[in-house]
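> This one is run-v7.pdb, PDB, C-alpha atoms, pLDDT in the B column.
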```pdb
ATOM      1  CA  MET A   1       0.000   0.000   0.000  1.00 95.00           C
ATOM      2  CA  GLU A   2       1.370   3.341  -1.042  1.00 97.00           C
ATOM      3  CA  SER A   3      -0.377   6.429   0.254  1.00 98.00           C
ATOM      4  CA  ILE A   4      -0.731   9.358  -2.141  1.00 98.00           C
ATOM      5  CA  ALA A   5      -1.201  12.441   0.036  1.00 97.00           C
ATOM      6  CA  LEU A   6      -1.493  15.869  -1.542  1.00 97.00           C
ATOM      7  CA  GLY A   7      -3.537  17.592   1.134  1.00 96.00           C
ATOM      8  CA  GLN A   8      -6.897  16.004   0.279  1.00 98.00           C
ATOM      9  CA  SER A   9      -9.451  15.323   3.035  1.00 97.00           C
ATOM     10  CA  PHE A  10      -9.619  11.587   2.260  1.00 98.00           C
ATOM     11  CA  THR A  11      -7.077   8.787   1.976  1.00 98.00           C
ATOM     12  CA  ALA A  12      -5.816   7.737  -1.459  1.00 98.00           C
ATOM     13  CA  ILE A  13      -3.826   4.517  -1.788  1.00 98.00           C
ATOM     14  CA  VAL A  14      -2.284   2.562  -4.663  1.00 98.00           C
ATOM     15  CA  ASP A  15      -1.888  -1.171  -4.073  1.00 98.00           C
ATOM     16  CA  PHE A  16      -0.755  -4.199  -6.097  1.00 97.00           C
ATOM     17  CA  ALA A  17      -3.724  -6.394  -5.027  1.00 97.00           C
ATOM     18  CA  HIS A  18      -4.583  -8.303  -8.199  1.00 95.00           C
ATOM     19  CA  THR A  19      -6.037 -11.585  -6.931  1.00 95.00           C
ATOM     20  CA  PRO A  20      -9.341 -12.204  -5.133  1.00 96.00           C
ATOM     21  CA  ASN A  21      -7.662 -12.847  -1.778  1.00 97.00           C
ATOM     22  CA  ALA A  22      -5.295  -9.881  -2.091  1.00 97.00           C
ATOM     23  CA  LEU A  23      -8.226  -7.601  -2.943  1.00 98.00           C
ATOM     24  CA  LYS A  24     -10.171  -8.986   0.031  1.00 98.00           C
ATOM     25  CA  VAL A  25      -7.291  -8.307   2.435  1.00 98.00           C
ATOM     26  CA  THR A  26      -6.739  -4.823   0.979  1.00 98.00           C
ATOM     27  CA  LEU A  27     -10.412  -3.860   1.246  1.00 98.00           C
ATOM     28  CA  GLU A  28     -10.616  -5.214   4.803  1.00 98.00           C
ATOM     29  CA  ALA A  29      -7.552  -3.156   5.725  1.00 98.00           C
ATOM     30  CA  GLY A  30      -9.064  -0.122   4.020  1.00 98.00           C
ATOM     31  CA  ARG A  31     -12.243  -0.535   6.062  1.00 98.00           C
ATOM     32  CA  LYS A  32     -10.168  -0.432   9.257  1.00 98.00           C
ATOM     33  CA  MET A  33      -8.312   2.675   8.063  1.00 97.00           C
ATOM     34  CA  THR A  34     -11.346   4.898   7.509  1.00 96.00           C
ATOM     35  CA  ARG A  35     -14.432   6.246   9.217  1.00 93.00           C
ATOM     36  CA  GLY A  36     -15.906   6.950   5.786  1.00 98.00           C
ATOM     37  CA  ARG A  37     -16.634   4.934   2.677  1.00 98.00           C
ATOM     38  CA  VAL A  38     -14.340   2.470   0.935  1.00 98.00           C
ATOM     39  CA  ILE A  39     -14.047   3.154  -2.796  1.00 98.00           C
ATOM     40  CA  SER A  40     -12.250   0.495  -4.829  1.00 98.00           C
ATOM     41  CA  ILE A  41     -10.859   0.749  -8.352  1.00 98.00           C
ATOM     42  CA  PHE A  42      -9.644  -2.477  -9.965  1.00 98.00           C
ATOM     43  CA  GLY A  43      -9.578  -4.559 -13.092  1.00 97.00           C
ATOM     44  CA  SER A  44      -8.735  -8.101 -14.068  1.00 96.00           C
ATOM     45  CA  ALA A  45      -6.052  -9.040 -16.554  1.00 95.00           C
ATOM     46  CA  GLY A  46      -6.718 -10.514 -19.949  1.00 95.00           C
ATOM     47  CA  LEU A  47      -5.329 -13.943 -20.864  1.00 94.00           C
ATOM     48  CA  ARG A  48      -5.248 -14.900 -17.186  1.00 92.00           C
ATOM     49  CA  ASP A  49      -7.528 -16.789 -14.790  1.00 89.00           C
ATOM     50  CA  LYS A  50     -11.013 -15.804 -15.949  1.00 93.00           C
ATOM     51  CA  GLU A  51     -12.690 -17.093 -12.762  1.00 92.00           C
ATOM     52  CA  LYS A  52     -11.010 -14.432 -10.675  1.00 95.00           C
ATOM     53  CA  ARG A  53     -12.776 -11.641 -12.596  1.00 96.00           C
ATOM     54  CA  ARG A  54     -16.132 -12.568 -11.163  1.00 97.00           C
ATOM     55  CA  MET A  55     -14.675 -13.364  -7.742  1.00 97.00           C
ATOM     56  CA  MET A  56     -12.910 -10.011  -7.454  1.00 97.00           C
ATOM     57  CA  ALA A  57     -16.063  -8.107  -8.377  1.00 98.00           C
ATOM     58  CA  GLU A  58     -18.087 -10.126  -5.877  1.00 98.00           C
ATOM     59  CA  THR A  59     -15.493  -9.411  -3.182  1.00 98.00           C
ATOM     60  CA  SER A  60     -15.507  -5.692  -3.896  1.00 98.00           C
ATOM     61  CA  ILE A  61     -19.310  -5.490  -3.807  1.00 98.00           C
ATOM     62  CA  GLU A  62     -19.297  -7.272  -0.438  1.00 98.00           C
ATOM     63  CA  LEU A  63     -16.500  -5.206   1.156  1.00 98.00           C
ATOM     64  CA  ALA A  64     -16.431  -1.784  -0.541  1.00 98.00           C
ATOM     65  CA  ASP A  65     -19.138   0.858  -0.629  1.00 98.00           C
ATOM     66  CA  ILE A  66     -18.337   1.807  -4.218  1.00 98.00           C
ATOM     67  CA  SER A  67     -16.600  -0.332  -6.843  1.00 98.00           C
ATOM     68  CA  ILE A  68     -15.140   0.983 -10.093  1.00 98.00           C
ATOM     69  CA  LEU A  69     -14.405  -1.752 -12.661  1.00 98.00           C
ATOM     70  CA  THR A  70     -11.658  -0.770 -15.092  1.00 98.00           C
ATOM     71  CA  ALA A  71      -8.782  -1.860 -17.315  1.00 98.00           C
ATOM     72  CA  GLU A  72      -5.839  -3.881 -16.025  1.00 97.00           C
ATOM     73  CA  ASP A  73      -3.690  -5.332 -18.788  1.00 96.00           C
ATOM     74  CA  PRO A  74      -6.466  -6.623 -21.069  1.00 97.00           C
ATOM     75  CA  ARG A  75      -3.825  -7.824 -23.543  1.00 97.00           C
ATOM     76  CA  THR A  76      -5.498  -9.284 -26.645  1.00 97.00           C
ATOM     77  CA  GLU A  77      -8.838  -9.937 -24.913  1.00 97.00           C
ATOM     78  CA  SER A  78     -11.802  -7.619 -25.289  1.00 97.00           C
ATOM     79  CA  LEU A  79     -11.758  -5.110 -22.434  1.00 98.00           C
ATOM     80  CA  GLU A  80     -15.532  -4.749 -22.761  1.00 98.00           C
ATOM     81  CA  GLY A  81     -15.867  -8.532 -22.425  1.00 97.00           C
ATOM     82  CA  ILE A  82     -13.705  -8.571 -19.294  1.00 98.00           C
ATOM     83  CA  LEU A  83     -15.739  -5.738 -17.772  1.00 98.00           C
ATOM     84  CA  GLU A  84     -18.954  -7.581 -18.640  1.00 98.00           C
ATOM     85  CA  GLU A  85     -17.767 -10.661 -16.732  1.00 97.00           C
ATOM     86  CA  MET A  86     -16.813  -8.490 -13.772  1.00 98.00           C
ATOM     87  CA  ALA A  87     -20.144  -6.647 -13.861  1.00 98.00           C
ATOM     88  CA  ALA A  88     -21.979  -9.986 -13.831  1.00 98.00           C
ATOM     89  CA  GLY A  89     -20.079 -10.910 -10.666  1.00 98.00           C
ATOM     90  CA  ALA A  90     -20.881  -7.563  -9.062  1.00 98.00           C
ATOM     91  CA  SER A  91     -24.573  -7.880  -9.943  1.00 98.00           C
ATOM     92  CA  SER A  92     -24.715 -11.436  -8.588  1.00 98.00           C
ATOM     93  CA  LYS A  93     -23.898 -10.090  -5.117  1.00 98.00           C
ATOM     94  CA  GLY A  94     -26.480  -7.327  -5.218  1.00 98.00           C
ATOM     95  CA  GLY A  95     -24.373  -4.637  -6.859  1.00 98.00           C
ATOM     96  CA  ARG A  96     -26.354  -2.025  -8.780  1.00 98.00           C
ATOM     97  CA  GLU A  97     -24.638  -0.508 -11.796  1.00 98.00           C
ATOM     98  CA  GLY A  98     -24.611   3.266 -11.574  1.00 98.00           C
ATOM     99  CA  GLU A  99     -25.265   3.131  -7.808  1.00 98.00           C
ATOM    100  CA  THR A 100     -22.766   0.799  -6.123  1.00 98.00           C
ATOM    101  CA  PHE A 101     -20.553  -0.032  -9.084  1.00 98.00           C
ATOM    102  CA  TRP A 102     -19.496   1.512 -12.364  1.00 98.00           C
ATOM    103  CA  ARG A 103     -17.684   0.251 -15.462  1.00 98.00           C
ATOM    104  CA  ILE A 104     -15.141   2.788 -16.675  1.00 98.00           C
ATOM    105  CA  ALA A 105     -12.817   1.229 -19.233  1.00 98.00           C
ATOM    106  CA  ASP A 106     -10.216   4.019 -19.167  1.00 98.00           C
ATOM    107  CA  ARG A 107      -8.202   3.486 -15.979  1.00 98.00           C
ATOM    108  CA  GLY A 108      -7.193   7.132 -15.734  1.00 98.00           C
ATOM    109  CA  GLU A 109     -10.828   8.211 -15.975  1.00 98.00           C
ATOM    110  CA  ALA A 110     -11.776   5.538 -13.408  1.00 98.00           C
ATOM    111  CA  ILE A 111      -9.283   7.010 -10.943  1.00 98.00           C
ATOM    112  CA  ARG A 112     -10.500  10.562 -11.631  1.00 98.00           C
ATOM    113  CA  PHE A 113     -14.119   9.440 -11.196  1.00 98.00           C
ATOM    114  CA  ALA A 114     -13.381   7.731  -7.871  1.00 98.00           C
ATOM    115  CA  LEU A 115     -11.556  10.789  -6.573  1.00 98.00           C
ATOM    116  CA  ARG A 116     -14.478  13.037  -7.563  1.00 98.00           C
ATOM    117  CA  LEU A 117     -16.798  10.766  -5.555  1.00 98.00           C
ATOM    118  CA  ALA A 118     -14.561  10.802  -2.467  1.00 98.00           C
ATOM    119  CA  ARG A 119     -15.691  12.811   0.542  1.00 98.00           C
ATOM    120  CA  ASP A 120     -14.032  13.730   3.826  1.00 98.00           C
ATOM    121  CA  GLY A 121     -12.858  10.614   5.625  1.00 98.00           C
ATOM    122  CA  ASP A 122     -13.302   8.177   2.712  1.00 98.00           C
ATOM    123  CA  ILE A 123     -10.560   5.910   1.394  1.00 98.00           C
ATOM    124  CA  VAL A 124      -9.903   5.401  -2.318  1.00 98.00           C
ATOM    125  CA  LEU A 125      -7.986   2.216  -3.165  1.00 98.00           C
ATOM    126  CA  ALA A 126      -6.585   1.821  -6.683  1.00 98.00           C
ATOM    127  CA  CYS A 127      -5.759  -1.880  -6.834  1.00 98.00           C
ATOM    128  CA  GLY A 128      -4.052  -4.201  -9.266  1.00 97.00           C
ATOM    129  CA  LYS A 129      -1.172  -2.221 -10.743  1.00 97.00           C
ATOM    130  CA  GLY A 130       0.725  -0.959  -7.690  1.00 96.00           C
ATOM    131  CA  HIS A 131       4.359  -0.359  -8.585  1.00 94.00           C
ATOM    132  CA  GLU A 132       3.980  -1.530 -12.207  1.00 96.00           C
ATOM    133  CA  GLN A 133       5.046   0.964 -14.850  1.00 97.00           C
ATOM    134  CA  SER A 134       3.058  -0.221 -17.867  1.00 98.00           C
ATOM    135  CA  MET A 135      -0.268  -1.605 -19.021  1.00 97.00           C
ATOM    136  CA  CYS A 136      -0.677  -4.027 -21.915  1.00 98.00           C
ATOM    137  CA  PHE A 137      -3.272  -3.455 -24.634  1.00 97.00           C
ATOM    138  CA  GLY A 138      -3.063  -5.904 -27.520  1.00 97.00           C
ATOM    139  CA  LYS A 139       0.574  -6.933 -27.602  1.00 96.00           C
ATOM    140  CA  THR A 140       1.933  -3.497 -26.710  1.00 98.00           C
ATOM    141  CA  GLU A 141       3.043  -2.327 -23.280  1.00 97.00           C
ATOM    142  CA  TYR A 142       2.127   1.335 -22.779  1.00 98.00           C
ATOM    143  CA  LEU A 143       3.618   3.519 -20.081  1.00 98.00           C
ATOM    144  CA  TRP A 144       1.280   3.562 -17.098  1.00 98.00           C
ATOM    145  CA  ASP A 145       1.723   4.203 -13.376  1.00 98.00           C
ATOM    146  CA  ASP A 146      -1.253   4.332 -10.968  1.00 98.00           C
ATOM    147  CA  ARG A 147       0.768   6.506  -8.579  1.00 98.00           C
ATOM    148  CA  THR A 148       1.386   9.100 -11.297  1.00 98.00           C
ATOM    149  CA  ALA A 149      -2.250   8.943 -12.401  1.00 98.00           C
ATOM    150  CA  MET A 150      -3.484   9.357  -8.830  1.00 98.00           C
ATOM    151  CA  ARG A 151      -1.202  12.333  -8.206  1.00 98.00           C
ATOM    152  CA  ALA A 152      -2.232  13.984 -11.462  1.00 97.00           C
ATOM    153  CA  ALA A 153      -5.926  13.466 -10.672  1.00 97.00           C
ATOM    154  CA  LEU A 154      -5.548  14.882  -7.177  1.00 97.00           C
TER     155      LEU A 154
END
```
Would you write out, as structure tokens, the structure that this file holds?

Amino acid sequence: MESIALGQSFTAIVDFAHTPNALKVTLEAGRKMTRGRVISIFGSAGLRDKEKRRMMAETSIELADISILTAEDPRTESLEGILEEMAAGASSKGGREGETFWRIADRGEAIRFALRLARDGDIVLACGKGHEQSMCFGKTEYLWDDRTAMRAAL
């Protein structure tokens, strides 16, 4: 967990949690760290374990107040297809799209959206990329850093 503090009235953290259990532990820790809401931003990688997509969305719906589903290395898979699988998992646990979860394909926009939602005392957790410095679309690695994106958005 890396805190990004630029004087805002809520906590902003970037974390590498990219498996169902890691996301669970991160969200549970986030809950203990705040008196406000837990807002999670995460994706699920393409060409990897497809079962975890649904599981991660289910976990976030159960443990976070707001879940933002976004890109995380979709590789050659359809990002919209990945987000659809995640949304199905979120809905299966009672998540309501546009109320408790959102699909925002562009990770930078997802981070900006989450930060706009944040109020005093909330915690915003951008999970899945952590220290990584790129994101893969197709077969190309593009420069990407959640910490830089979070700072720029703040």
> Report as a PyMOL selection string the full result of the PyMOL selection byres ((chain A and resi 138) around 9) when it is applied to this structure.
chain A and resi 73-77+136-137+139-141
> Taking (-12.6, 7.3, -8.6) as a centre in this file's frame and 8 Å as the limit, can you find every polymer residue with an atom that close, using only C-alpha atoms, and give them as a ChimeraX atom specification?
/A:39-41,68,109-118,124
> Starting from the displayed file, determine the output of the PyMOL selection byres ((chain A and resi 133) around 7) and express the residue list as a ChimeraX atom specification.
/A:131-132,134,143-145
> Between A:Gly89, A:Arg31, A:Ala152, A:Leu23, which is the closest to Gly121 of chain A once you count all atoms listed in the file?
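Nearest candidate to Gly121 of chain A out of A:Gly89, A:Arg31, A:Ala152, A:Leu23: A:Arg31.
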> Under the rule that all atoms listed in the file are counted, which of A:Ile104, A:Ile123, A:Ala153, A:Met135 is the nearest residue to Met33 of chain A?
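Closest candidate: A:Ile123.
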> Once the PyMOL selection byres ((chain A and resi 20) around 10) has been evaluated on this model, what residues remain selected, and can you format them as number ranges by chain?
A: 17-19, 21-26, 44, 51-60
> So which residues touch Ile61 of chain A within 8 Å, counting all atoms listed in the file, skipping near sequence neighbours fewer than 6 positions away, as a count of residues only?
7
> May I have the residues at most 9 Å from (-0.8, -0.3, -1.1) in the file's coordinates, counting all atoms listed in the file, as a list of chain:residue names?
A:Met1, A:Glu2, A:Ser3, A:Ile13, A:Val14, A:Asp15, A:Phe16, A:Ala17, A:Thr26, A:Leu125, A:Ala126, A:Cys127, A:Gly130
> Taking only C-alpha atoms into account, which of A:Arg107, A:Thr70, A:Asp122, A:Glu62 comes nearest Gly30 of chain A?
A:Asp122
> For a quick check of understanding, using all atoms listed in the file, which of A:Thr11, A:Ala88, A:Ala5, A:Asp106 has the smallest distance to Arg35 of chain A?
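Ranking A:Thr11, A:Ala88, A:Ala5, A:Asp106 by distance to Arg35 of chain A, first place goes to A:Thr11.
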> Can segment 127-140 of chain A be brought up to N, CA and C atoms and written out as a PDB file, in the coordinates of the input?

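For reference, result.pdb as written:
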```pdb
ATOM      1  N   CYS A 127      -6.388  -0.568  -7.000  1.00 98.00           N
ATOM      2  CA  CYS A 127      -5.759  -1.880  -6.834  1.00 98.00           C
ATOM      3  C   CYS A 127      -5.419  -2.532  -8.171  1.00 98.00           C
ATOM      4  N   GLY A 128      -4.380  -3.355  -8.132  1.00 97.00           N
ATOM      5  CA  GLY A 128      -4.052  -4.201  -9.266  1.00 97.00           C
ATOM      6  C   GLY A 128      -2.772  -3.868 -10.005  1.00 97.00           C
ATOM      7  N   LYS A 129      -2.369  -2.608  -9.992  1.00 97.00           N
ATOM      8  CA  LYS A 129      -1.172  -2.221 -10.743  1.00 97.00           C
ATOM      9  C   LYS A 129      -0.012  -1.895  -9.801  1.00 97.00           C
ATOM     10  N   GLY A 130      -0.305  -1.270  -8.678  1.00 96.00           N
ATOM     11  CA  GLY A 130       0.725  -0.959  -7.690  1.00 96.00           C
ATOM     12  C   GLY A 130       1.930  -0.269  -8.285  1.00 96.00           C
ATOM     13  N   HIS A 131       3.069  -0.907  -8.149  1.00 94.00           N
ATOM     14  CA  HIS A 131       4.359  -0.359  -8.585  1.00 94.00           C
ATOM     15  C   HIS A 131       4.603  -0.517 -10.087  1.00 94.00           C
ATOM     16  N   GLU A 132       3.737  -1.257 -10.783  1.00 96.00           N
ATOM     17  CA  GLU A 132       3.980  -1.530 -12.207  1.00 96.00           C
ATOM     18  C   GLU A 132       4.017  -0.236 -13.013  1.00 96.00           C
ATOM     19  N   GLN A 133       4.807  -0.246 -14.072  1.00 97.00           N
ATOM     20  CA  GLN A 133       5.046   0.964 -14.850  1.00 97.00           C
ATOM     21  C   GLN A 133       4.479   0.893 -16.269  1.00 97.00           C
ATOM     22  N   SER A 134       3.650  -0.117 -16.531  1.00 98.00           N
ATOM     23  CA  SER A 134       3.058  -0.221 -17.867  1.00 98.00           C
ATOM     24  C   SER A 134       1.739  -0.965 -17.786  1.00 98.00           C
ATOM     25  N   MET A 135       0.972  -0.852 -18.881  1.00 97.00           N
ATOM     26  CA  MET A 135      -0.268  -1.605 -19.021  1.00 97.00           C
ATOM     27  C   MET A 135      -0.319  -2.114 -20.461  1.00 97.00           C
ATOM     28  N   CYS A 136      -0.703  -3.380 -20.605  1.00 98.00           N
ATOM     29  CA  CYS A 136      -0.677  -4.027 -21.915  1.00 98.00           C
ATOM     30  C   CYS A 136      -2.054  -4.010 -22.572  1.00 98.00           C
ATOM     31  N   PHE A 137      -2.105  -3.421 -23.770  1.00 97.00           N
ATOM     32  CA  PHE A 137      -3.272  -3.455 -24.634  1.00 97.00           C
ATOM     33  C   PHE A 137      -2.814  -4.105 -25.930  1.00 97.00           C
ATOM     34  N   GLY A 138      -3.516  -5.151 -26.362  1.00 97.00           N
ATOM     35  CA  GLY A 138      -3.063  -5.904 -27.520  1.00 97.00           C
ATOM     36  C   GLY A 138      -1.763  -6.609 -27.144  1.00 97.00           C
ATOM     37  N   LYS A 139      -0.740  -6.351 -27.904  1.00 96.00           N
ATOM     38  CA  LYS A 139       0.574  -6.933 -27.602  1.00 96.00           C
ATOM     39  C   LYS A 139       1.582  -5.846 -27.247  1.00 96.00           C
ATOM     40  N   THR A 140       1.068  -4.639 -26.985  1.00 98.00           N
ATOM     41  CA  THR A 140       1.933  -3.497 -26.710  1.00 98.00           C
ATOM     42  C   THR A 140       1.829  -3.070 -25.256  1.00 98.00           C
TER      43      THR A 140
END
```
